[in-house]
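Pasting final.cif here (mmCIF, C-alpha atoms):
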data_target
loop_
_atom_site.label_atom_id
_atom_site.label_comp_id
_atom_site.auth_asym_id
_atom_site.auth_seq_id
_atom_site.Cartn_x
_atom_site.Cartn_y
_atom_site.Cartn_z
CA MET A 168 29.01 244.27 66.46
CA PRO A 169 31.92 241.85 66.29
CA ILE A 170 34.18 241.88 63.26
CA ALA A 171 33.29 239.09 60.88
CA GLN A 172 35.83 237.07 58.97
CA SER A 173 34.71 236.29 55.46
CA ALA A 174 34.56 232.72 54.29
CA GLY A 175 35.25 234.19 50.83
CA SER A 176 32.35 233.48 48.55
CA VAL A 177 29.57 231.64 50.38
CA VAL A 178 27.53 230.89 47.28
CA SER A 179 28.37 229.99 43.69
CA THR A 180 28.00 232.55 40.92
CA ALA A 181 25.54 230.21 39.20
CA ALA A 182 23.37 229.97 42.31
CA VAL A 183 23.32 233.78 42.69
CA LEU A 184 22.15 234.26 39.12
CA ASN A 185 19.61 231.48 39.44
CA GLN A 186 18.06 233.09 42.50
CA LEU A 187 18.04 236.59 41.01
CA THR A 188 16.32 235.18 37.95
CA TRP A 189 13.91 233.09 40.04
CA ARG A 190 12.76 236.10 42.05
CA TYR A 191 9.98 238.28 40.70
CA ALA A 192 7.53 240.80 42.09
CA VAL A 193 4.98 238.39 43.55
CA LYS A 194 1.41 239.34 42.71
CA LYS A 195 -0.26 236.66 44.81
CA PHE A 196 1.16 235.25 47.98
CA ASP A 197 0.14 232.00 49.65
CA ALA A 198 -1.56 233.52 52.69
CA GLN A 199 -1.13 230.28 54.65
CA LYS A 200 2.65 230.04 54.31
CA LYS A 201 4.62 231.80 56.98
CA LEU A 202 8.34 232.47 57.16
CA SER A 203 10.33 230.62 59.79
CA ASP A 204 11.49 232.72 62.73
CA ASP A 205 15.12 232.19 61.76
CA VAL A 206 14.56 233.38 58.20
CA TRP A 207 12.58 236.44 59.27
CA LYS A 208 15.11 237.34 61.94
CA THR A 209 17.80 237.16 59.27
CA LEU A 210 15.88 239.45 56.95
CA GLU A 211 15.41 241.96 59.75
CA ASP A 212 19.09 241.73 60.63
CA ALA A 213 19.93 242.27 56.97
CA LEU A 214 17.87 245.47 57.02
CA VAL A 215 19.78 246.73 60.05
CA LEU A 216 23.07 245.90 58.31
CA SER A 217 22.14 247.79 55.13
CA PRO A 218 24.79 250.21 53.91
CA SER A 219 24.02 253.93 53.80
CA SER A 220 25.91 257.06 52.87
CA PHE A 221 28.32 257.97 55.71
CA GLY A 222 26.72 255.05 57.58
CA LEU A 223 24.09 257.51 58.85
CA GLN A 224 21.13 255.08 58.59
CA PRO A 225 18.52 257.78 57.95
CA TRP A 226 15.66 255.31 58.24
CA LYS A 227 13.43 253.01 60.19
CA PHE A 228 11.69 249.82 59.14
CA PHE A 229 8.12 249.33 60.32
CA VAL A 230 6.99 245.70 60.33
CA VAL A 231 3.22 245.47 60.36
CA ASP A 232 1.83 242.17 61.63
CA ASN A 233 -1.62 243.29 62.78
CA PRO A 234 -4.21 241.98 60.26
CA ASP A 235 -6.63 244.86 60.88
CA LEU A 236 -3.95 247.43 60.26
CA ARG A 237 -2.89 245.59 57.12
CA LYS A 238 -6.49 245.66 55.90
CA LYS A 239 -6.58 249.41 56.45
CA LEU A 240 -3.29 249.85 54.60
CA ARG A 241 -4.49 247.71 51.70
CA ALA A 242 -7.34 250.14 51.11
CA HIS A 243 -4.70 252.81 50.44
CA ALA A 244 -2.55 250.58 48.24
CA TRP A 245 -4.85 250.04 45.27
CA ASN A 246 -6.32 247.08 47.14
CA GLN A 247 -3.30 244.97 46.25
CA SER A 248 -3.57 241.58 47.93
CA GLN A 249 0.09 241.36 48.86
CA ILE A 250 -0.47 243.93 51.61
CA THR A 251 -2.68 241.55 53.59
CA ASP A 252 -1.61 238.13 52.26
CA ALA A 253 2.18 238.15 52.38
CA ALA A 254 3.67 236.56 55.48
CA ARG A 255 5.33 239.89 56.31
CA LEU A 256 4.91 243.54 55.43
CA VAL A 257 7.68 246.10 55.90
CA VAL A 258 7.16 249.82 55.46
CA PHE A 259 10.48 251.49 54.68
CA ALA A 260 10.53 255.00 56.10
CA ILE A 261 12.99 257.87 56.06
CA LYS A 262 13.85 259.77 59.17
CA LYS A 263 12.63 263.20 58.14
CA ASN A 264 14.77 266.33 58.10
CA LEU A 265 17.96 264.70 59.28
CA SER A 266 19.95 267.34 61.11
CA VAL A 267 23.23 268.20 62.73
CA ASP A 268 21.83 266.68 65.95
CA ASP A 269 21.49 263.32 64.19
CA VAL A 270 25.09 263.55 63.04
CA ARG A 271 26.25 264.34 66.57
CA ARG A 272 24.36 261.39 67.94
CA PHE A 273 25.86 259.17 65.24
CA ILE A 274 29.37 260.37 66.05
CA SER A 275 28.87 259.65 69.76
CA PHE A 276 27.49 256.23 68.96
CA THR A 277 30.42 255.50 66.60
CA ALA A 278 32.97 256.53 69.21
CA GLU A 279 31.25 254.34 71.79
CA THR A 280 30.97 251.34 69.42
CA ARG A 281 34.59 251.58 68.35
CA LYS A 282 35.88 252.54 71.78
CA ILE A 283 37.71 255.54 70.40
CA PRO A 284 37.69 259.19 71.52
CA LYS A 285 35.03 261.31 69.87
CA GLU A 286 37.71 263.85 69.06
CA SER A 287 39.35 261.40 66.67
CA LEU A 288 36.21 261.66 64.54
CA ALA A 289 36.22 265.46 64.36
CA ALA A 290 37.02 265.73 60.63
CA TYR A 291 34.42 263.09 59.76
CA ALA A 292 31.87 264.84 61.96
CA GLN A 293 32.57 268.20 60.36
CA MET A 294 32.17 266.79 56.87
CA MET A 295 28.85 265.16 57.76
CA GLU A 296 27.56 268.23 59.57
CA GLY A 297 28.35 270.29 56.50
CA PHE A 298 26.57 267.74 54.35
CA VAL A 299 23.31 267.63 56.29
CA ALA A 300 23.25 271.42 56.65
CA ARG A 301 23.94 272.11 52.96
CA PRO A 302 23.58 268.91 50.98
CA PRO A 303 23.71 268.90 47.19
CA LEU A 304 20.21 267.38 47.45
CA ASP A 305 17.18 267.99 49.63
CA ILE A 306 18.02 265.91 52.70
CA ASN A 307 14.74 263.97 52.50
CA VAL A 308 15.37 263.12 48.84
CA TRP A 309 18.82 261.92 49.83
CA ALA A 310 17.40 259.86 52.72
CA ALA A 311 14.87 258.22 50.39
CA ARG A 312 17.70 257.11 48.12
CA GLN A 313 19.41 255.48 51.08
CA VAL A 314 16.21 253.63 51.94
CA TYR A 315 16.26 252.13 48.46
CA ILE A 316 19.69 250.65 49.15
CA ALA A 317 18.07 248.86 52.10
CA LEU A 318 15.26 247.75 49.79
CA GLY A 319 17.73 246.33 47.25
CA ASN A 320 19.62 244.59 50.03
CA PHE A 321 16.38 243.14 51.41
CA LEU A 322 15.20 241.84 48.03
CA THR A 323 18.52 240.23 47.18
CA THR A 324 18.90 238.68 50.61
CA ALA A 325 15.37 237.29 50.35
CA ALA A 326 16.07 235.83 46.90
CA LEU A 327 19.22 234.14 48.13
CA LEU A 328 17.28 232.65 51.04
CA GLY A 329 14.59 231.39 48.66
CA VAL A 330 12.04 233.84 50.05
CA ASP A 331 9.57 235.51 47.74
CA ALA A 332 9.00 239.24 47.92
CA CYS A 333 7.28 242.13 46.24
CA PRO A 334 8.55 245.70 46.41
CA MET A 335 5.66 248.17 46.20
CA GLU A 336 5.47 251.87 45.45
CA GLY A 337 1.77 251.80 44.65
CA PHE A 338 0.39 253.17 47.89
CA ASP A 339 -0.55 256.50 49.39
CA PRO A 340 2.34 257.47 51.68
CA THR A 341 0.30 260.14 53.45
CA GLN A 342 -2.32 257.57 54.44
CA PHE A 343 0.31 255.04 55.47
CA ASP A 344 2.01 257.69 57.64
CA GLU A 345 -1.33 258.49 59.21
CA ILE A 346 -2.43 254.89 59.85
CA LEU A 347 0.95 253.87 61.27
CA GLY A 348 1.46 257.10 63.19
CA LEU A 349 4.75 257.80 61.46
CA THR A 350 4.50 261.57 61.15
CA GLN A 351 4.48 262.29 64.86
CA LYS A 352 7.47 259.95 65.23
CA GLY A 353 9.40 261.97 62.64
CA TYR A 354 9.31 259.39 59.86
CA ALA A 355 7.74 259.16 56.41
CA ALA A 356 6.96 256.03 54.41
CA VAL A 357 8.70 255.84 51.04
CA VAL A 358 8.41 252.25 49.85
CA VAL A 359 7.01 248.92 50.97
CA ALA A 360 8.21 245.35 50.69
CA THR A 361 6.11 242.28 51.28
CA ALA A 362 7.71 238.88 51.83
CA GLY A 363 6.53 235.31 52.09
CA TYR A 364 5.90 232.55 49.59
CA ARG A 365 4.24 232.82 46.18
CA ALA A 366 0.84 231.21 45.66
CA ALA A 367 0.96 228.11 43.47
CA ASP A 368 -1.43 229.82 41.07
CA ASP A 369 0.33 233.16 40.70
CA GLY A 370 0.59 233.18 36.93
CA TYR A 371 3.28 235.84 37.00
CA ALA A 372 5.69 233.31 38.47
CA LEU A 373 5.81 231.59 35.11
CA ALA A 374 6.15 234.69 32.97
CA ALA A 375 9.59 235.15 31.42
CA LYS A 376 11.63 237.83 33.16
CA VAL A 377 11.79 241.01 31.15
CA ARG A 378 15.22 242.63 31.17
CA TYR A 379 16.79 244.64 28.41
CA PRO A 380 19.88 243.00 26.96
CA LYS A 381 23.07 243.28 28.95
CA SER A 382 24.78 244.84 25.92
CA GLU A 383 22.38 247.76 26.28
CA MET A 384 22.24 248.11 30.06
CA ILE A 385 25.96 247.92 30.69
CA GLU A 386 28.36 250.10 28.78
CA HIS A 387 32.09 249.71 29.02
CA VAL A 388 33.73 253.10 28.71
CA ASN A 389 37.21 252.76 27.35
CA MET B 274 15.41 234.88 29.89
CA PRO B 275 14.49 231.34 30.85
CA ILE B 276 12.42 230.75 33.96
CA ALA B 277 14.59 229.68 36.86
CA GLN B 278 13.58 227.10 39.38
CA SER B 279 14.66 227.96 42.87
CA ALA B 280 16.78 225.58 44.82
CA GLY B 281 15.09 227.12 47.88
CA SER B 282 17.68 228.81 50.02
CA VAL B 283 21.14 228.60 48.48
CA VAL B 284 22.97 229.96 51.49
CA SER B 285 22.54 229.63 55.25
CA THR B 286 21.13 232.47 57.30
CA ALA B 287 24.34 232.50 59.32
CA ALA B 288 26.47 232.86 56.19
CA VAL B 289 24.31 235.74 54.93
CA LEU B 290 24.70 237.65 58.17
CA ASN B 291 28.40 236.91 58.33
CA GLN B 292 28.94 238.34 54.85
CA LEU B 293 26.79 241.42 55.47
CA THR B 294 28.77 242.06 58.64
CA TRP B 295 32.09 241.38 56.91
CA ARG B 296 31.42 243.89 54.16
CA TYR B 297 32.25 247.54 54.73
CA ALA B 298 32.86 250.59 52.59
CA VAL B 299 36.44 249.89 51.56
CA LYS B 300 38.70 252.91 51.87
CA LYS B 301 41.78 251.33 50.34
CA PHE B 302 41.71 248.63 47.70
CA ASP B 303 44.58 246.33 46.79
CA ALA B 304 45.29 247.79 43.34
CA GLN B 305 47.00 244.57 42.25
CA LYS B 306 44.08 242.23 42.93
CA LYS B 307 41.66 241.80 40.07
CA LEU B 308 38.28 240.10 40.05
CA SER B 309 37.98 236.86 38.09
CA ASP B 310 36.04 237.12 34.84
CA ASP B 311 33.34 234.81 36.18
CA VAL B 312 32.82 236.90 39.30
CA TRP B 313 32.71 240.17 37.39
CA LYS B 314 30.35 238.75 34.78
CA THR B 315 28.08 237.67 37.63
CA LEU B 316 28.10 241.12 39.19
CA GLU B 317 27.23 242.67 35.83
CA ASP B 318 24.46 240.12 35.32
CA ALA B 319 23.17 240.91 38.81
CA LEU B 320 22.97 244.59 37.84
CA VAL B 321 20.93 243.73 34.77
CA LEU B 322 18.64 241.56 36.91
CA SER B 323 18.02 244.33 39.47
CA PRO B 324 14.37 244.94 40.29
CA SER B 325 12.80 248.29 39.45
CA SER B 326 9.35 249.81 39.74
CA PHE B 327 7.11 248.42 36.96
CA GLY B 328 10.26 246.67 35.71
CA LEU B 329 11.04 249.81 33.71
CA GLN B 330 14.82 249.72 34.30
CA PRO B 331 15.29 253.51 34.07
CA TRP B 332 19.06 253.22 34.14
CA LYS B 333 22.36 252.27 32.65
CA PHE B 334 25.55 251.08 34.27
CA PHE B 335 28.81 252.51 32.97
CA VAL B 336 31.85 250.38 33.72
CA VAL B 337 35.03 252.40 33.45
CA ASP B 338 38.17 250.38 32.90
CA ASN B 339 40.39 252.98 31.23
CA PRO B 340 43.04 254.09 33.78
CA ASP B 341 43.35 257.60 32.33
CA LEU B 342 39.62 258.16 32.54
CA ARG B 343 39.62 256.87 36.08
CA LYS B 344 42.38 259.31 36.95
CA LYS B 345 40.30 262.14 35.54
CA LEU B 346 37.24 260.99 37.48
CA ARG B 347 39.23 260.74 40.70
CA ALA B 348 40.05 264.42 40.47
CA HIS B 349 36.31 265.09 40.70
CA ALA B 350 35.72 262.64 43.54
CA TRP B 351 37.64 264.28 46.34
CA ASN B 352 40.73 262.40 45.13
CA GLN B 353 39.46 259.20 46.73
CA SER B 354 41.81 256.33 45.89
CA GLN B 355 39.04 253.79 45.32
CA ILE B 356 38.22 255.46 42.00
CA THR B 357 41.55 254.44 40.49
CA ASP B 358 42.60 251.50 42.64
CA ALA B 359 39.54 249.25 42.82
CA ALA B 360 39.50 246.40 40.33
CA ARG B 361 36.29 247.81 38.86
CA LEU B 362 34.42 251.08 38.82
CA VAL B 363 30.72 251.32 37.97
CA VAL B 364 28.92 254.61 37.48
CA PHE B 365 25.20 254.14 38.10
CA ALA B 366 23.20 256.49 35.89
CA ILE B 367 19.54 257.27 35.45
CA LYS B 368 17.97 257.49 32.04
CA LYS B 369 16.86 261.13 32.13
CA ASN B 370 13.29 262.29 31.62
CA LEU B 371 11.76 258.87 31.12
CA SER B 372 8.76 259.32 28.86
CA VAL B 373 5.74 257.65 27.34
CA ASP B 374 8.02 256.54 24.48
CA ASP B 375 10.12 254.57 26.96
CA VAL B 376 6.99 252.91 28.31
CA ARG B 377 5.88 251.96 24.80
CA ARG B 378 9.24 250.49 24.01
CA PHE B 379 9.14 248.53 27.27
CA ILE B 380 5.67 247.20 26.48
CA SER B 381 6.78 246.06 23.01
CA PHE B 382 9.84 244.41 24.50
CA THR B 383 7.73 242.70 27.18
CA ALA B 384 5.27 241.36 24.61
CA GLU B 385 8.15 240.06 22.50
CA THR B 386 9.94 238.49 25.47
CA ARG B 387 6.79 236.80 26.75
CA LYS B 388 5.47 235.95 23.29
CA ILE B 389 2.12 237.53 24.06
CA PRO B 390 0.09 240.10 22.12
CA LYS B 391 0.87 243.71 23.01
CA GLU B 392 -2.87 244.29 23.40
CA SER B 393 -2.95 241.99 26.42
CA LEU B 394 -0.73 244.54 28.17
CA ALA B 395 -2.98 247.52 27.45
CA ALA B 396 -4.07 248.15 31.06
CA TYR B 397 -0.49 247.83 32.33
CA ALA B 398 0.70 250.17 29.56
CA GLN B 399 -1.96 252.73 30.38
CA MET B 400 -1.07 252.71 34.06
CA MET B 401 2.61 253.19 33.32
CA GLU B 402 2.00 255.90 30.74
CA GLY B 403 -0.09 257.74 33.30
CA PHE B 404 2.69 257.33 35.84
CA VAL B 405 5.53 258.70 33.73
CA ALA B 406 3.37 261.58 32.50
CA ARG B 407 2.09 262.58 35.95
CA PRO B 408 4.11 260.80 38.59
CA PRO B 409 3.73 261.62 42.27
CA LEU B 410 7.44 262.42 42.11
CA ASP B 411 9.72 264.17 39.61
CA ILE B 412 10.49 261.34 37.20
CA ASN B 413 14.27 261.82 37.59
CA VAL B 414 13.97 261.67 41.38
CA TRP B 415 11.97 258.47 40.98
CA ALA B 416 14.55 257.02 38.55
CA ALA B 417 17.37 257.80 40.98
CA ARG B 418 15.59 255.81 43.69
CA GLN B 419 15.38 252.84 41.35
CA VAL B 420 19.10 253.08 40.70
CA TYR B 421 19.69 252.73 44.42
CA ILE B 422 17.85 249.39 44.37
CA ALA B 423 20.42 248.26 41.82
CA LEU B 424 23.16 249.60 44.10
CA GLY B 425 21.80 247.66 47.08
CA ASN B 426 21.53 244.54 44.96
CA PHE B 427 25.10 245.00 43.72
CA LEU B 428 26.55 245.50 47.20
CA THR B 429 24.75 242.49 48.67
CA THR B 430 25.63 240.25 45.74
CA ALA B 431 29.26 241.32 46.04
CA ALA B 432 29.28 240.60 49.78
CA LEU B 433 27.83 237.13 49.24
CA LEU B 434 30.49 236.43 46.63
CA GLY B 435 33.22 237.61 49.01
CA VAL B 436 33.95 240.67 46.88
CA ASP B 437 34.77 243.98 48.53
CA ALA B 438 33.05 247.14 47.44
CA CYS B 439 32.61 250.78 48.24
CA PRO B 440 29.50 252.77 47.32
CA MET B 441 30.35 256.43 46.72
CA GLU B 442 28.28 259.58 46.55
CA GLY B 443 31.24 261.90 47.06
CA PHE B 444 31.81 262.98 43.48
CA ASP B 445 30.72 265.76 41.15
CA PRO B 446 28.01 264.26 38.94
CA THR B 447 28.23 267.11 36.43
CA GLN B 448 31.91 266.43 35.87
CA PHE B 449 31.35 262.68 35.70
CA ASP B 450 28.62 263.22 33.09
CA GLU B 451 30.95 265.43 31.11
CA ILE B 452 33.99 263.13 31.26
CA LEU B 453 32.00 260.02 30.39
CA GLY B 454 29.83 261.76 27.81
CA LEU B 455 26.63 260.77 29.58
CA THR B 456 24.60 263.93 28.98
CA GLN B 457 24.47 263.61 25.21
CA LYS B 458 23.48 259.96 25.63
CA GLY B 459 20.53 261.00 27.83
CA TYR B 460 21.92 259.69 31.12
CA ALA B 461 23.03 261.27 34.39
CA ALA B 462 25.35 259.78 37.01
CA VAL B 463 23.79 259.43 40.46
CA VAL B 464 26.04 257.10 42.43
CA VAL B 465 29.22 255.07 42.03
CA ALA B 466 30.33 251.68 43.24
CA THR B 467 33.87 250.40 43.23
CA ALA B 468 34.60 246.69 43.63
CA GLY B 469 37.68 244.57 44.15
CA TYR B 470 39.61 243.39 47.17
CA ARG B 471 40.52 245.37 50.26
CA ALA B 472 44.17 246.26 50.88
CA ALA B 473 45.71 244.32 53.75
CA ASP B 474 46.46 247.62 55.49
CA ASP B 475 43.04 249.25 55.19
CA GLY B 476 42.52 250.02 58.85
CA TYR B 477 38.79 250.47 58.36
CA ALA B 478 38.45 246.74 57.73
CA LEU B 479 39.11 246.15 61.41
CA ALA B 480 36.84 248.87 62.78
CA ALA B 481 33.68 247.58 64.43
CA LYS B 482 30.61 248.02 62.26
CA VAL B 483 28.44 250.87 63.48
CA ARG B 484 24.75 250.09 63.34
CA TYR B 485 22.08 251.39 65.66
CA PRO B 486 20.43 248.63 67.70
CA LYS B 487 17.85 246.51 65.95
CA SER B 488 15.33 247.44 68.63
CA GLU B 489 15.57 251.02 67.42
CA MET B 490 15.78 250.49 63.67
CA ILE B 491 12.95 247.98 63.40
CA GLU B 492 9.58 248.71 64.92
CA HIS B 493 6.82 246.16 65.06
CA VAL B 494 3.49 247.88 64.69
CA ASN B 495 0.76 245.91 66.37
#
Would you mind giving the structure from this file in structure tokens?
Amino acid sequence: MPIAQSAGSVVSTAAVLNQLTWRYAVKKFDAQKKLSDDVWKTLEDALVLSPSSFGLQPWKFFVVDNPDLRKKLRAHAWNQSQITDAARLVVFAIKKNLSVDDVRRFISFTAETRKIPKESLAAYAQMMEGFVARPPLDINVWAARQVYIALGNFLTTAALLGVDACPMEGFDPTQFDEILGLTQKGYAAVVVATAGYRAADDGYALAAKVRYPKSEMIEHVN
Amino acid sequence: MPIAQSAGSVVSTAAVLNQLTWRYAVKKFDAQKKLSDDVWKTLEDALVLSPSSFGLQPWKFFVVDNPDLRKKLRAHAWNQSQITDAARLVVFAIKKNLSVDDVRRFISFTAETRKIPKESLAAYAQMMEGFVARPPLDINVWAARQVYIALGNFLTTAALLGVDACPMEGFDPTQFDEILGLTQKGYAAVVVATAGYRAADDGYALAAKVRYPKSEMIEHVN
């Protein structure tokens, strides 16, 4: 990827806070409203650009467009309407049991991307190989955390683009893995996001946002 | 919080992708460059606004400004310079062992915020109480995932505001908990983010971003 120059801030602080306050976990999407191709492409690109520890990207994002499949998934997600009615459904999956082989592949890919000798990455490679072989955490627990960075990135990007979304943990991952064939591909579903536009009659859109006071959530340690 | 009206998209898709490409995990901050009060206030507000499962906010964000404390923390973070040199340091912590009491407090707070009777939230309360008592996951593992949503939100918001950041897992959480006194407060550090402005001579700023191809990271299931 080319190196981007920043235009500094591309949005005002007031607009950021307005959008983050405007967003909410949509309960009812307008099933007729689709996302434009440009907006959806941007949200997919944002997923790919998500940060991860060491840059290892221990994940894959499964976008399910097939209505029959979405119906099947809905049955294993407490019958929540977002699964079938949102313009888009993304299943965030970890790559299971990330190994030294994945690190080696990542190092080769980094060397290729940056046009540098692989040997110049030896220390970095060694550190990462040590990490995946003996992490402080179960490697799948660690990978799931990374996936949630991508989820946070996705939700914030959507909000800034004026796109509604709903993150969802209320589903049966085993059934999702089965229906989408993730297990044999080496992946496991951990969280879902739906995106589209809220229905005009989703009452939750008008409910005041519930956040504990800033004075309680942020502590300055001095 | 008041209900925000969206201005639709507040930023172009091209600008979003430019900023997400521009951002990188800063290795060397310019220790002289501070963030404006307005920008930092916005980043703190964004943290408070972060989405979480059920809206439970099982977290707290510790902002460490004291240089001596930051020096101490650096010693337990592989001596990485970002810990002392970034304009700001945030330690993202989970609230440990979230319980039915936390759910009850959240329900009361929700009723108060929305000016509705607590009884109208009975089904929601029951579902959440069941979840924290018998979650599919260890409740602290679940809380840590939520914290990573806040991290993703923070990093994306920073990028959009033209603020540099570096997420960091390379530290000893036990030592951080001890130095910041988190354990006796019922919290545990899980990840760190530093924010500020990159040093002009941070070579990593010019390295091409390494992301696997979109065709590999995103799969359309049809």
Give as an MDAnalysis selection string every residue of chain B that touches chain A within 6 Å, counting all atoms listed in the file. chainID B and resid 274 276:277 279 281:283 291 294:295 333:337 339 383 387 418 421:422 425:426 429 433:435 481:483 490:495
Just how far from CA of Lys301 in chain B is CA of Ala350 in chain B, in Å to one decimal?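 Between CA of Ala350 in chain B and CA of Lys301 in chain B the gap works out to 14.5 Å.
Take the candidates A:Tyr371, A:Tyr291, A:Phe196, A:Tyr354 and check each one against Leu256 in chain A using all atoms listed in the file; the shortest distance goes to A:Phe196.
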Which one is closest to Asp197 in chain A: A:Ala355, A:Ala290, A:Ala332, A:Leu240? Count all atoms listed in the file. A:Ala332
First collect every listed atom of range 358-366 of chain B; then fit an axis-aligned box around them, widen it by 6 Å on each side, and give centre and edge lengths in Å to one decimal, as lines of an AutoDock Vina configuration file.
center_x = 32.9
center_y = 251.4
center_z = 39.4
size_x = 31.4
size_y = 22.1
size_z = 18.9
